[in-house]
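The next block holds one structure in the form of structure tokens; read it before the comments.
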Amino acid sequence: MWRSDVMHGGALNALLLAAVVLCALSVVTSQHRARKLYIELQKQKELAQQMDVEWGQLQLEQSTWATPARVEKIAARQLQMQLPRNGQVQFIRVEPDGRTHQQP
Amino acid sequence: MNYAASAHPDITAELPGWRATALFVVLLAGLIGLFGRGAYLQVMHDDFLQEKGNARYSRVIEVIAHRGMLTDRNGEPLAVSTPVESAWASPADVEADGRQVKQLAQALGMNVEELKNRLSDTSRDFVYLKRHLPPDQASKVASLNLPGISLQREYRRYYPAGEEAAQTLGFTGMDDNGQEGLELALQERLAGKSGSQRVIKDRRGHIVEDAGSLHAPKPGSDIVLSLDSNVQHLAYRELADAVKQHKAKAGAVVVLDARSGEVLALANYPAYNPNNRSKVGSQAMRNRAIADLFEPGSTMKPFTVATAIEQGKVRPETVINTEHGVLTVGNKKIHDTHPESMLTVAQIIQKSSNVGAAKIALSMESGTLWQSLSGSGFGAQTGSNFPGEAPGRLRDARTWRPIEQATLSYGHGMSVNLLQLARAYTVFANDGELKPVSLLKLDAPATGKKVFSDSTAHTLRDMLELVVLPGGTAPLAQVAGYRVAGKTGTAHKLEGGRYINRYVASFVGFAPASNPRLIVAVMIDEPDNGQYYGGLVAAPVFSKVTGAALHALNVPNDAPLDNVIAPPADIVREEV
């Protein structure tokens with residue numbers, strides 16, 4: 001009678017022990033995974049920062065290439081462009097109802 | 001199990017009872033010992049141990065926050081901070097032979113002797129070798145891989161617009177703090193605050209856990225300015241041409257949005273390249289449009305006339321006897337260089353008659369004139385918050401003598417800065433309302449202060465249109481396709497309290513006159529190429545800047561494109 005009790009209690013203990021071990025291991029693995037993910041996050045953050053820096057540099061580069069002074073020089077000298085003279089410009093006024101009026 | 005099965009049952013019974021007790025006591029003592037030790041470490045030594053433990057994996061790292069960007073009203077960057085490397089050395093730790101030092105000097109672009117000098121001072125732990133290296137030089141230094149030589153990341157500010165907006169934007173110092181101009185004025189908002197963070201690092205130096213932020217970093221905010229880089233370029237280009245053509249000492253142009261008071265362009269010449277300031281004198285750094293004062297001259301006449309009209313003293317068609325160009329007030333004489341006997345009030349503005357303006361001014365109470373000049377913003381800060389702004393001088397009306405009241409009517413005996421003058425013209429462009437100026441982009445136009453009535457402002461607008469027509473002082477200010485209105489100014493400069501034969505030529509105007517969008521003020525300091533009248537020196541700059549800016553901003557024409565009437569050979573000279 002008491003033997004089966006012991007057996008019964010032993011099985012429960014073993015079960016609980018196994019559960020504890022399992023929990024402990026899963027804590028370790030999840031901690032590990034959390035750290036790995038955190039490292040990944042750090043890398044992405046660093047990448048984002050790098051890209052931010054690059055974005056700033058590209059913006060700088062773009063605005064340096066596109067300064068009005070440079071655009072003007074290329075338009076006038078290389079592309080032989082000029083401002084429209086008298087009579088080459090027509091203004092079209094669009095009324096709210098969609099009709100258009102040509103202006104001299 | 002095996003043991004229990006093989007053991008003889010009798011033996012267990014024969015073991016003496018004290019053994020169990022002794023074992024129990026020993027184990028208990030051990031247990032108590034361990035608990036005691038544990039409690040001791042945990043309670044008494046806790047801080048020390050915790051610190052030791054943390055030191056093995058926990059680090060505090062700095063989180064850098066960079067300086068905010070300055071952009072123009074359309075989002076074009078005007079000032080951007082980007083990381084660069086600075087090379088530094090810890091002289092005591094440097095191990096390099098002669099050849100390596102030579103290579104390093106080459107990579108840094110430095111003199112070998114100078115480099116050796118810097119490396120020889122072993123008493124210091126930290127010596128900058130060269131700051132703000134271009135990326136290619138930095139990578140060369142890094143590839144040499146010399147012990148004791150390191151690179152440090154710092155931020156450097158770049159200005160894509162270069163010299164065009166140099167004095168307006170200002171610049172930052174080596175440590176990326178604002179030193180001049182808007183960079184200084186907006187320092188609080190632009191500057192980022194670096195933060196620090198506690199992290200846990202593993203053996204390989206990877207950050208594995210965030211253990212809490214000590215100070216959150218606060219990146220600087222980006223600020224949108226009211227400047228328009230297109231208009232700024234146009235203003236600078238035309239100003240630079242004019243200053244060179246007239247061999248002038250300097251010049252400035254201000255372009256305001258007539259409706260909102262926003263500054264669309266603020267150009268100065270001579271300028272400097274803010275990206276490379278190694279040889280820049282303090283003169284070139286001055287923002288003359290804001291920090292320099294000059295006597296405005298005839299550009300003040302419209303305010304005198306507007307006050308008289310507002311008071312009902314005169315009407316545009318009232319005829320004034322201009323005394324053949326000479327008027328004696330007290331013991332001083334006021335001259336017109338283009339003498340006339342009779343002029344209407346409108347013609348006094350158109351031909352810029354000093355005698356006429358003086359007579360109108362003398363017909364009023366000094367307090368009334370002072371009130372409208374002061375109300376138009378003279379003698380006070382413009383509210384631009386620009387560092388080093390000079391407020392100008394407008395003396396208290398109670399101290400005016402008659403001659404002073406007379407000369408004030410044509411802008412002598414007071415001083416203004418160009419931004420102030422441009423702002424004052426918002427009263428004519430805006431139905432009598434003085435707008436505050438803003439160097440930052442506004443979401444909605446600021447409300448101004450009413451100085452003159454609508455009808456007075458409209459009357460003045462019509463009169464100022466006459467100035468640019470043949471018969472006026474500034475036909476060269478005309479713009480194809482747009483009606484413009486404005487006023488010339490030419491004033492002797494003061495030196496040591498005396499007027500000398502050097503001049504400031506100016507023109508202030510707005511366009512399109514039918515519905516003003518832009519106010520443009522031009523000031524050329526000491527033109528020295530034969531011409532010095534505002535109508536000849538400053539008006540053409542106004543015309544070019546205004547025409548191009550109106551095109552750039554897509555403002556519809558309010559006049560046929562062939563509206564420009566060639567001026568007669570002898571333009572009406574204005575009074576000086």
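Chain labels run A, B, ... following the order of the structure tokens; each chain numbers its residues from 1, and ligands are numbered from 1 in the order shown.
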_Need to verify the contact set: Leu58 (chain A), 12 Å, only C-alpha atoms, exclusion of same-chain residues closer than 5 positions in sequence. Can you return it as an MDAnalysis selection string?_
(chainID A and resid 51:53 63:66) or (chainID B and resid 77 80:82 160)
Write out, as a PDB file, in the first residue's frame, the residues just selected, with C-alpha atoms.
```
ATOM      1  CA  MET A  51      22.253  55.036 -43.925  1.00  0.00           C
ATOM      2  CA  ASP A  52      21.170  58.213 -42.205  1.00  0.00           C
ATOM      3  CA  VAL A  53      24.689  59.536 -42.540  1.00  0.00           C
ATOM      4  CA  SER A  63      22.314  69.948 -53.617  1.00  0.00           C
ATOM      5  CA  THR A  64      25.927  70.655 -54.542  1.00  0.00           C
ATOM      6  CA  TRP A  65      25.384  69.331 -58.056  1.00  0.00           C
ATOM      7  CA  ALA A  66      22.069  71.118 -58.306  1.00  0.00           C
TER       8      ALA A  66
ATOM      9  CA  PRO B  77      19.454  71.755 -47.635  1.00  0.00           C
ATOM     10  CA  VAL B  80      24.092  69.850 -43.215  1.00  0.00           C
ATOM     11  CA  SER B  81      26.256  68.152 -40.607  1.00  0.00           C
ATOM     12  CA  THR B  82      28.032  65.057 -41.747  1.00  0.00           C
ATOM     13  CA  PRO B 160      25.889  73.619 -50.353  1.00  0.00           C
TER      14      PRO B 160
END
```
_Proximal residues of chain B relative to chain A (only C-alpha atoms; 8 Å) as a PyMOL selection string_ = chain B and resi 76-77+80-83+158+160-161+206-209+229-230+233+556+560-562
_Members of region 231-360 of chain B assigned helix (DSSP H, G or I) by DSSP, as a PyMOL selection string_ = chain B and resi 231-245+282-285+288-291+297-310+323-325+345-351+354-360
Next, write the just-selected residues to a file, as a compact mmCIF listing (two decimals), in the first residue's frame, keeping N, CA and C atoms as the atom set.
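Output below, filename selection_9.txt:
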```
# COMPACT_ATOMS: atom_id res chain seq x y z
N VAL B 231 15.87 82.36 -55.35
CA VAL B 231 15.85 83.82 -55.25
C VAL B 231 17.16 84.31 -54.66
N GLN B 232 17.66 83.56 -53.67
CA GLN B 232 18.92 83.91 -53.04
C GLN B 232 20.04 83.94 -54.08
N HIS B 233 20.04 82.94 -54.95
CA HIS B 233 21.06 82.88 -55.99
C HIS B 233 20.96 84.07 -56.93
N LEU B 234 19.72 84.36 -57.36
CA LEU B 234 19.51 85.49 -58.28
C LEU B 234 19.99 86.79 -57.65
N ALA B 235 19.62 86.98 -56.39
CA ALA B 235 19.98 88.21 -55.69
C ALA B 235 21.49 88.33 -55.59
N TYR B 236 22.14 87.23 -55.22
CA TYR B 236 23.58 87.27 -55.04
C TYR B 236 24.29 87.52 -56.37
N ARG B 237 23.82 86.84 -57.41
CA ARG B 237 24.45 86.96 -58.73
C ARG B 237 24.41 88.41 -59.22
N GLU B 238 23.22 89.01 -59.16
CA GLU B 238 23.08 90.38 -59.68
C GLU B 238 23.83 91.38 -58.80
N LEU B 239 23.81 91.13 -57.50
CA LEU B 239 24.52 92.03 -56.58
C LEU B 239 26.02 91.98 -56.86
N ALA B 240 26.55 90.77 -57.00
CA ALA B 240 27.98 90.61 -57.23
C ALA B 240 28.37 91.31 -58.53
N ASP B 241 27.57 91.13 -59.58
CA ASP B 241 27.86 91.80 -60.86
C ASP B 241 27.91 93.30 -60.69
N ALA B 242 26.90 93.83 -59.98
CA ALA B 242 26.80 95.29 -59.84
C ALA B 242 27.95 95.85 -59.02
N VAL B 243 28.29 95.16 -57.92
CA VAL B 243 29.37 95.67 -57.07
C VAL B 243 30.68 95.69 -57.86
N LYS B 244 30.91 94.65 -58.67
CA LYS B 244 32.14 94.61 -59.47
C LYS B 244 32.10 95.69 -60.54
N GLN B 245 30.95 95.80 -61.21
CA GLN B 245 30.85 96.76 -62.30
C GLN B 245 31.07 98.19 -61.81
N SER B 282 37.21 89.45 -40.98
CA SER B 282 35.93 89.68 -40.30
C SER B 282 35.04 90.60 -41.12
N GLN B 283 35.62 91.41 -42.03
CA GLN B 283 34.81 92.30 -42.86
C GLN B 283 33.87 91.51 -43.76
N ALA B 284 34.42 90.45 -44.38
CA ALA B 284 33.60 89.66 -45.30
C ALA B 284 32.50 88.91 -44.56
N MET B 285 32.69 88.69 -43.26
CA MET B 285 31.69 87.93 -42.49
C MET B 285 30.50 88.78 -42.07
N ARG B 288 25.97 92.80 -43.89
CA ARG B 288 25.76 94.24 -44.01
C ARG B 288 24.29 94.63 -44.03
N ALA B 289 23.47 93.76 -44.56
CA ALA B 289 22.05 94.09 -44.68
C ALA B 289 21.40 94.24 -43.31
N ILE B 290 22.01 93.66 -42.28
CA ILE B 290 21.41 93.69 -40.96
C ILE B 290 22.29 94.41 -39.94
N ALA B 291 23.60 94.23 -40.06
CA ALA B 291 24.50 94.74 -39.03
C ALA B 291 25.05 96.12 -39.35
N GLY B 297 18.62 108.33 -47.04
CA GLY B 297 18.41 109.26 -48.14
C GLY B 297 16.97 109.26 -48.61
N SER B 298 16.80 109.47 -49.90
CA SER B 298 15.46 109.74 -50.44
C SER B 298 14.47 108.58 -50.31
N THR B 299 14.94 107.38 -49.98
CA THR B 299 13.99 106.28 -49.81
C THR B 299 13.04 106.55 -48.65
N MET B 300 13.33 107.61 -47.86
CA MET B 300 12.46 107.96 -46.75
C MET B 300 11.32 108.89 -47.17
N LYS B 301 11.47 109.53 -48.32
CA LYS B 301 10.47 110.53 -48.72
C LYS B 301 9.04 110.00 -48.74
N PRO B 302 8.83 108.77 -49.24
CA PRO B 302 7.44 108.27 -49.26
C PRO B 302 6.79 108.28 -47.87
N PHE B 303 7.59 108.09 -46.83
CA PHE B 303 7.00 108.07 -45.48
C PHE B 303 6.56 109.46 -45.06
N THR B 304 7.39 110.47 -45.43
CA THR B 304 7.02 111.85 -45.14
C THR B 304 5.71 112.20 -45.85
N VAL B 305 5.67 111.89 -47.16
CA VAL B 305 4.50 112.23 -47.95
C VAL B 305 3.27 111.46 -47.46
N ALA B 306 3.45 110.19 -47.14
CA ALA B 306 2.32 109.39 -46.67
C ALA B 306 1.74 109.98 -45.39
N THR B 307 2.62 110.45 -44.48
CA THR B 307 2.15 111.03 -43.23
C THR B 307 1.31 112.28 -43.52
N ALA B 308 1.82 113.11 -44.46
CA ALA B 308 1.12 114.35 -44.78
C ALA B 308 -0.24 114.05 -45.41
N ILE B 309 -0.28 113.02 -46.27
CA ILE B 309 -1.56 112.66 -46.90
C ILE B 309 -2.52 112.10 -45.86
N GLU B 310 -1.99 111.29 -44.99
CA GLU B 310 -2.80 110.70 -43.92
C GLU B 310 -3.40 111.80 -43.04
N GLU B 323 10.69 126.45 -54.99
CA GLU B 323 11.64 127.55 -54.80
C GLU B 323 12.88 127.45 -55.70
N HIS B 324 12.73 126.96 -56.90
CA HIS B 324 13.87 126.80 -57.81
C HIS B 324 15.01 126.02 -57.17
N GLY B 325 14.63 125.09 -56.33
CA GLY B 325 15.64 124.16 -55.84
C GLY B 325 16.48 124.65 -54.69
N VAL B 345 2.75 117.03 -55.42
CA VAL B 345 3.28 116.10 -54.41
C VAL B 345 3.74 114.81 -55.08
N ALA B 346 2.96 114.33 -56.07
CA ALA B 346 3.35 113.12 -56.78
C ALA B 346 4.68 113.31 -57.49
N GLN B 347 4.89 114.51 -58.07
CA GLN B 347 6.15 114.77 -58.78
C GLN B 347 7.32 114.89 -57.82
N ILE B 348 7.04 115.33 -56.60
CA ILE B 348 8.11 115.42 -55.60
C ILE B 348 8.69 114.03 -55.34
N ILE B 349 7.79 113.05 -55.29
CA ILE B 349 8.25 111.68 -55.13
C ILE B 349 8.94 111.20 -56.41
N GLN B 350 8.28 111.48 -57.55
CA GLN B 350 8.79 110.97 -58.83
C GLN B 350 10.18 111.52 -59.12
N LYS B 351 10.37 112.82 -58.88
CA LYS B 351 11.65 113.45 -59.21
C LYS B 351 12.53 113.59 -57.98
N ASN B 354 14.19 117.33 -52.72
CA ASN B 354 14.45 117.53 -51.30
C ASN B 354 13.66 118.70 -50.76
N VAL B 355 13.65 119.79 -51.55
CA VAL B 355 12.97 121.01 -51.10
C VAL B 355 11.48 120.70 -50.86
N GLY B 356 10.87 119.99 -51.82
CA GLY B 356 9.46 119.64 -51.69
C GLY B 356 9.21 118.80 -50.45
N ALA B 357 10.05 117.78 -50.25
CA ALA B 357 9.85 116.90 -49.09
C ALA B 357 10.02 117.68 -47.79
N ALA B 358 11.02 118.58 -47.78
CA ALA B 358 11.28 119.36 -46.56
C ALA B 358 10.09 120.26 -46.25
N LYS B 359 9.56 120.87 -47.31
CA LYS B 359 8.41 121.76 -47.09
C LYS B 359 7.22 120.98 -46.53
N ILE B 360 6.99 119.81 -47.08
CA ILE B 360 5.88 118.99 -46.59
C ILE B 360 6.12 118.62 -45.12
```
Hey, what's within 12 Å of Leu119 (chain B) if we count only C-alpha atoms and toss same-chain stuff fewer than 3 positions away? As a compact mmCIF listing (two decimals) with N, CA and C atoms, in the first residue's frame, please?
```txt
# COMPACT_ATOMS: atom_id res chain seq x y z
N TRP B 88 44.12 61.81 -34.28
CA TRP B 88 44.81 62.26 -33.08
C TRP B 88 45.85 61.23 -32.67
N ALA B 89 46.76 61.63 -31.82
CA ALA B 89 47.82 60.73 -31.40
C ALA B 89 48.00 60.81 -29.90
N SER B 90 48.45 59.70 -29.35
CA SER B 90 48.90 59.68 -27.97
C SER B 90 50.41 59.51 -28.07
N PRO B 91 51.17 60.62 -28.06
CA PRO B 91 52.58 60.59 -28.45
C PRO B 91 53.40 59.50 -27.75
N ALA B 92 53.10 59.23 -26.47
CA ALA B 92 53.91 58.26 -25.75
C ALA B 92 53.75 56.85 -26.33
N ASP B 93 52.60 56.59 -26.93
CA ASP B 93 52.34 55.24 -27.42
C ASP B 93 52.70 55.06 -28.89
N VAL B 94 53.13 56.14 -29.52
CA VAL B 94 53.39 56.03 -30.96
C VAL B 94 54.66 55.24 -31.22
N GLU B 95 54.52 54.21 -32.05
CA GLU B 95 55.71 53.47 -32.47
C GLU B 95 55.76 53.57 -33.98
N ALA B 96 56.61 54.41 -34.48
CA ALA B 96 56.71 54.55 -35.92
C ALA B 96 58.13 54.92 -36.29
N VAL B 101 56.50 57.66 -40.40
CA VAL B 101 56.11 59.04 -40.09
C VAL B 101 55.94 59.82 -41.38
N LEU B 104 52.75 58.88 -42.92
CA LEU B 104 51.63 59.47 -42.18
C LEU B 104 51.47 60.94 -42.57
N ALA B 105 52.60 61.64 -42.64
CA ALA B 105 52.56 63.05 -43.01
C ALA B 105 51.95 63.21 -44.39
N VAL B 112 56.38 67.12 -42.71
CA VAL B 112 56.97 66.06 -41.87
C VAL B 112 57.51 66.63 -40.56
N GLU B 113 58.19 67.78 -40.66
CA GLU B 113 58.79 68.39 -39.46
C GLU B 113 57.72 68.73 -38.42
N GLU B 114 56.63 69.30 -38.92
CA GLU B 114 55.56 69.71 -38.02
C GLU B 114 54.95 68.50 -37.33
N LEU B 115 54.79 67.44 -38.10
CA LEU B 115 54.22 66.22 -37.54
C LEU B 115 55.14 65.66 -36.46
N LYS B 116 56.45 65.65 -36.76
CA LYS B 116 57.42 65.14 -35.78
C LYS B 116 57.36 65.97 -34.50
N THR B 122 55.80 64.04 -25.48
CA THR B 122 55.26 62.82 -24.89
C THR B 122 54.58 63.07 -23.56
N SER B 123 54.61 64.32 -23.08
CA SER B 123 53.96 64.59 -21.79
C SER B 123 52.44 64.64 -21.95
N ARG B 124 51.99 64.80 -23.18
CA ARG B 124 50.55 64.89 -23.38
C ARG B 124 49.99 63.56 -23.85
N ASP B 125 48.74 63.32 -23.42
CA ASP B 125 48.10 62.06 -23.78
C ASP B 125 47.32 62.17 -25.08
N PHE B 126 47.01 63.40 -25.45
CA PHE B 126 46.09 63.56 -26.56
C PHE B 126 46.51 64.77 -27.39
N VAL B 127 46.90 64.51 -28.62
CA VAL B 127 47.28 65.61 -29.52
C VAL B 127 46.52 65.43 -30.83
N TYR B 128 45.79 66.46 -31.21
CA TYR B 128 45.15 66.40 -32.53
C TYR B 128 46.24 66.54 -33.58
N LEU B 129 46.24 65.66 -34.56
CA LEU B 129 47.18 65.81 -35.67
C LEU B 129 46.54 66.66 -36.76
N GLY B 148 49.09 54.01 -31.53
CA GLY B 148 49.15 55.35 -30.94
C GLY B 148 48.51 56.42 -31.80
N ILE B 149 48.16 56.09 -33.02
CA ILE B 149 47.49 57.06 -33.90
C ILE B 149 46.05 56.58 -34.08
```
_Separation of CA of Asn529 (chain B) from CA of Ala248 (chain B) in Å_ = 7.8 Å
_Applying 12 Å and only C-alpha atoms, which residues near Lys449 (chain B) remain after dropping the ones on its own chain fewer than 2 positions away? List them as an MDAnalysis selection string._
chainID B and resid 372 374:377 424 426:427 430:436 446:447 451:453
With N, CA and C atoms retained, write the just-selected residues as a PDB file, in the first residue's frame.
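Contents of out_24.pdb, freshly written:
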```pdb
ATOM      1  N   SER B 372       4.850 108.304 -37.318  1.00  0.00           N
ATOM      2  CA  SER B 372       4.684 107.405 -38.450  1.00  0.00           C
ATOM      3  C   SER B 372       6.016 106.759 -38.844  1.00  0.00           C
ATOM      4  N   SER B 374       8.432 106.018 -36.670  1.00  0.00           N
ATOM      5  CA  SER B 374       8.634 105.001 -35.641  1.00  0.00           C
ATOM      6  C   SER B 374       7.663 103.840 -35.857  1.00  0.00           C
ATOM      7  N   GLY B 375       6.421 104.182 -36.228  1.00  0.00           N
ATOM      8  CA  GLY B 375       5.433 103.139 -36.508  1.00  0.00           C
ATOM      9  C   GLY B 375       5.831 102.269 -37.678  1.00  0.00           C
ATOM     10  N   SER B 376       6.612 102.829 -38.614  1.00  0.00           N
ATOM     11  CA  SER B 376       7.067 102.048 -39.756  1.00  0.00           C
ATOM     12  C   SER B 376       8.307 101.226 -39.429  1.00  0.00           C
ATOM     13  N   GLY B 377       8.678 101.228 -38.164  1.00  0.00           N
ATOM     14  CA  GLY B 377       9.747 100.325 -37.725  1.00  0.00           C
ATOM     15  C   GLY B 377      11.129 100.950 -37.694  1.00  0.00           C
ATOM     16  N   ALA B 424      10.026  98.353 -43.845  1.00  0.00           N
ATOM     17  CA  ALA B 424       9.187  99.544 -43.754  1.00  0.00           C
ATOM     18  C   ALA B 424       8.291  99.658 -44.987  1.00  0.00           C
ATOM     19  N   THR B 426       6.744  97.432 -46.421  1.00  0.00           N
ATOM     20  CA  THR B 426       5.547  96.575 -46.363  1.00  0.00           C
ATOM     21  C   THR B 426       4.307  97.428 -46.113  1.00  0.00           C
ATOM     22  N   VAL B 427       4.473  98.627 -45.542  1.00  0.00           N
ATOM     23  CA  VAL B 427       3.283  99.449 -45.275  1.00  0.00           C
ATOM     24  C   VAL B 427       2.641  99.907 -46.590  1.00  0.00           C
ATOM     25  N   ASN B 430       1.224  96.601 -48.481  1.00  0.00           N
ATOM     26  CA  ASN B 430       0.234  95.835 -47.729  1.00  0.00           C
ATOM     27  C   ASN B 430      -0.910  96.664 -47.177  1.00  0.00           C
ATOM     28  N   ASP B 431      -1.405  97.618 -47.900  1.00  0.00           N
ATOM     29  CA  ASP B 431      -2.519  98.430 -47.426  1.00  0.00           C
ATOM     30  C   ASP B 431      -2.244  99.075 -46.075  1.00  0.00           C
ATOM     31  N   GLY B 432      -1.038  99.585 -45.909  1.00  0.00           N
ATOM     32  CA  GLY B 432      -0.750 100.355 -44.708  1.00  0.00           C
ATOM     33  C   GLY B 432      -0.354  99.546 -43.488  1.00  0.00           C
ATOM     34  N   GLU B 433      -0.136  98.237 -43.674  1.00  0.00           N
ATOM     35  CA  GLU B 433       0.174  97.398 -42.522  1.00  0.00           C
ATOM     36  C   GLU B 433       1.664  97.075 -42.489  1.00  0.00           C
ATOM     37  N   LEU B 434       2.309  97.311 -41.348  1.00  0.00           N
ATOM     38  CA  LEU B 434       3.720  96.963 -41.195  1.00  0.00           C
ATOM     39  C   LEU B 434       3.812  95.508 -40.748  1.00  0.00           C
ATOM     40  N   LYS B 435       4.494  94.672 -41.572  1.00  0.00           N
ATOM     41  CA  LYS B 435       4.610  93.246 -41.237  1.00  0.00           C
ATOM     42  C   LYS B 435       5.900  92.993 -40.472  1.00  0.00           C
ATOM     43  N   PRO B 436       5.893  92.102 -39.503  1.00  0.00           N
ATOM     44  CA  PRO B 436       7.161  91.724 -38.880  1.00  0.00           C
ATOM     45  C   PRO B 436       7.958  90.863 -39.868  1.00  0.00           C
ATOM     46  N   ALA B 446       2.086  86.547 -40.732  1.00  0.00           N
ATOM     47  CA  ALA B 446       1.921  87.185 -39.422  1.00  0.00           C
ATOM     48  C   ALA B 446       1.048  88.429 -39.576  1.00  0.00           C
ATOM     49  N   THR B 447       0.337  88.750 -38.545  1.00  0.00           N
ATOM     50  CA  THR B 447      -0.466  89.968 -38.624  1.00  0.00           C
ATOM     51  C   THR B 447       0.414  91.153 -38.264  1.00  0.00           C
ATOM     52  N   VAL B 451      -0.302 101.188 -39.969  1.00  0.00           N
ATOM     53  CA  VAL B 451       0.376 102.477 -39.809  1.00  0.00           C
ATOM     54  C   VAL B 451      -0.341 103.559 -40.601  1.00  0.00           C
ATOM     55  N   PHE B 452      -0.720 103.213 -41.856  1.00  0.00           N
ATOM     56  CA  PHE B 452      -1.446 104.152 -42.703  1.00  0.00           C
ATOM     57  C   PHE B 452      -2.765 103.512 -43.131  1.00  0.00           C
ATOM     58  N   SER B 453      -3.687 104.357 -43.569  1.00  0.00           N
ATOM     59  CA  SER B 453      -4.968 103.819 -44.029  1.00  0.00           C
ATOM     60  C   SER B 453      -4.792 103.170 -45.403  1.00  0.00           C
TER      61      SER B 453
END
```
Excluding same-chain residues fewer than 3 positions from Ala79 (chain B), what lies within 7 Å of it counting only C-alpha atoms, as a compact mmCIF listing (two decimals) with N, CA and C atoms, in the first residue's frame?
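The resulting file, around-v3.txt, is reproduced below:
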```txt
# COMPACT_ATOMS: atom_id res chain seq x y z
N MET B 69 19.47 70.13 -39.40
CA MET B 69 19.78 70.67 -40.72
C MET B 69 19.05 72.01 -40.88
N LEU B 70 19.64 72.89 -41.66
CA LEU B 70 18.93 74.11 -42.07
C LEU B 70 18.51 73.91 -43.52
N THR B 71 17.24 74.10 -43.82
CA THR B 71 16.82 73.98 -45.21
C THR B 71 16.14 75.27 -45.63
N ARG B 157 30.13 70.72 -40.64
CA ARG B 157 28.97 71.33 -41.27
C ARG B 157 29.33 71.72 -42.70
N TYR B 158 28.45 71.41 -43.62
CA TYR B 158 28.67 71.81 -45.01
C TYR B 158 27.55 72.73 -45.48
N TYR B 159 27.91 73.65 -46.32
CA TYR B 159 26.95 74.63 -46.84
C TYR B 159 26.91 74.54 -48.36
N PRO B 160 25.92 73.81 -48.90
CA PRO B 160 25.89 73.62 -50.35
C PRO B 160 25.77 74.92 -51.13
```
_Residue list (strand (DSSP E or B), DSSP) for chain A, as number ranges by chain_ = A: 91-94, 100-103
*Interatomic distance between CA of Thr459 (chain B) and CA of Pro316 (chain B)?*
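Here the two named atoms are 7.5 Å from each other.
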*Quick one, how far is CA of Ile64 (chain B) from CA of Ser150 (chain B)?*
18.6 Å
*Using only C-alpha atoms, which of the listed residues (B:Arg118, B:Asp97, B:Ser384, B:Val537) sits closest to Leu146 (chain B)?*
B:Asp97
*Name the residues in contact with Asp136 (chain B) at a cut-off of 12 Å, using only C-alpha atoms, excluding same-chain residues fewer than 5 positions from it; report them as a ChimeraX atom specification.*
/B:84-85,107-109,141-143
Next, the residues of the selection above should be written as an mmCIF file, in the first residue's frame with N, CA and C atoms.
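So part19.cif came out as:
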```
data_model
loop_
_atom_site.group_PDB
_atom_site.id
_atom_site.type_symbol
_atom_site.label_atom_id
_atom_site.label_comp_id
_atom_site.auth_asym_id
_atom_site.auth_seq_id
_atom_site.Cartn_x
_atom_site.Cartn_y
_atom_site.Cartn_z
ATOM 1 N N VAL B 84 32.862 63.343 -40.031
ATOM 2 C CA VAL B 84 34.193 63.276 -40.632
ATOM 3 C C VAL B 84 35.124 62.732 -39.562
ATOM 4 N N GLU B 85 36.333 62.336 -39.962
ATOM 5 C CA GLU B 85 37.281 61.786 -39.000
ATOM 6 C C GLU B 85 38.346 62.819 -38.681
ATOM 7 N N ALA B 107 49.830 61.142 -45.835
ATOM 8 C CA ALA B 107 48.401 60.833 -45.774
ATOM 9 C C ALA B 107 47.610 61.997 -45.190
ATOM 10 N N LEU B 108 48.227 62.693 -44.226
ATOM 11 C CA LEU B 108 47.529 63.805 -43.581
ATOM 12 C C LEU B 108 47.675 65.102 -44.357
ATOM 13 N N GLY B 109 48.584 65.088 -45.311
ATOM 14 C CA GLY B 109 48.842 66.325 -46.043
ATOM 15 C C GLY B 109 49.542 67.341 -45.155
ATOM 16 N N VAL B 141 44.967 57.032 -43.529
ATOM 17 C CA VAL B 141 45.547 57.030 -42.182
ATOM 18 C C VAL B 141 45.205 55.720 -41.479
ATOM 19 N N ALA B 142 43.959 55.310 -41.627
ATOM 20 C CA ALA B 142 43.528 54.082 -40.968
ATOM 21 C C ALA B 142 44.294 52.886 -41.519
ATOM 22 N N SER B 143 44.590 52.896 -42.819
ATOM 23 C CA SER B 143 45.237 51.730 -43.420
ATOM 24 C C SER B 143 46.708 51.629 -43.002
#
```
Test item: residues at most 12 Å from Arg203 (chain B), only C-alpha atoms, excluding those fewer than 5 positions along its chain, as an mmCIF file with N, CA and C atoms, in the first residue's frame:
```cif
data_model
loop_
_atom_site.group_PDB
_atom_site.id
_atom_site.type_symbol
_atom_site.label_atom_id
_atom_site.label_comp_id
_atom_site.auth_asym_id
_atom_site.auth_seq_id
_atom_site.Cartn_x
_atom_site.Cartn_y
_atom_site.Cartn_z
ATOM 1 N N ARG B 56 32.733 43.790 -15.609
ATOM 2 C CA ARG B 56 33.149 42.745 -16.537
ATOM 3 C C ARG B 56 32.292 42.684 -17.790
ATOM 4 N N TYR B 57 31.077 43.215 -17.707
ATOM 5 C CA TYR B 57 30.246 43.108 -18.913
ATOM 6 C C TYR B 57 29.448 44.366 -19.230
ATOM 7 N N SER B 58 29.333 45.241 -18.244
ATOM 8 C CA SER B 58 28.478 46.395 -18.482
ATOM 9 C C SER B 58 29.321 47.593 -18.879
ATOM 10 N N VAL B 208 24.962 43.043 -26.148
ATOM 11 C CA VAL B 208 23.956 41.990 -26.134
ATOM 12 C C VAL B 208 22.692 42.401 -25.410
#
```
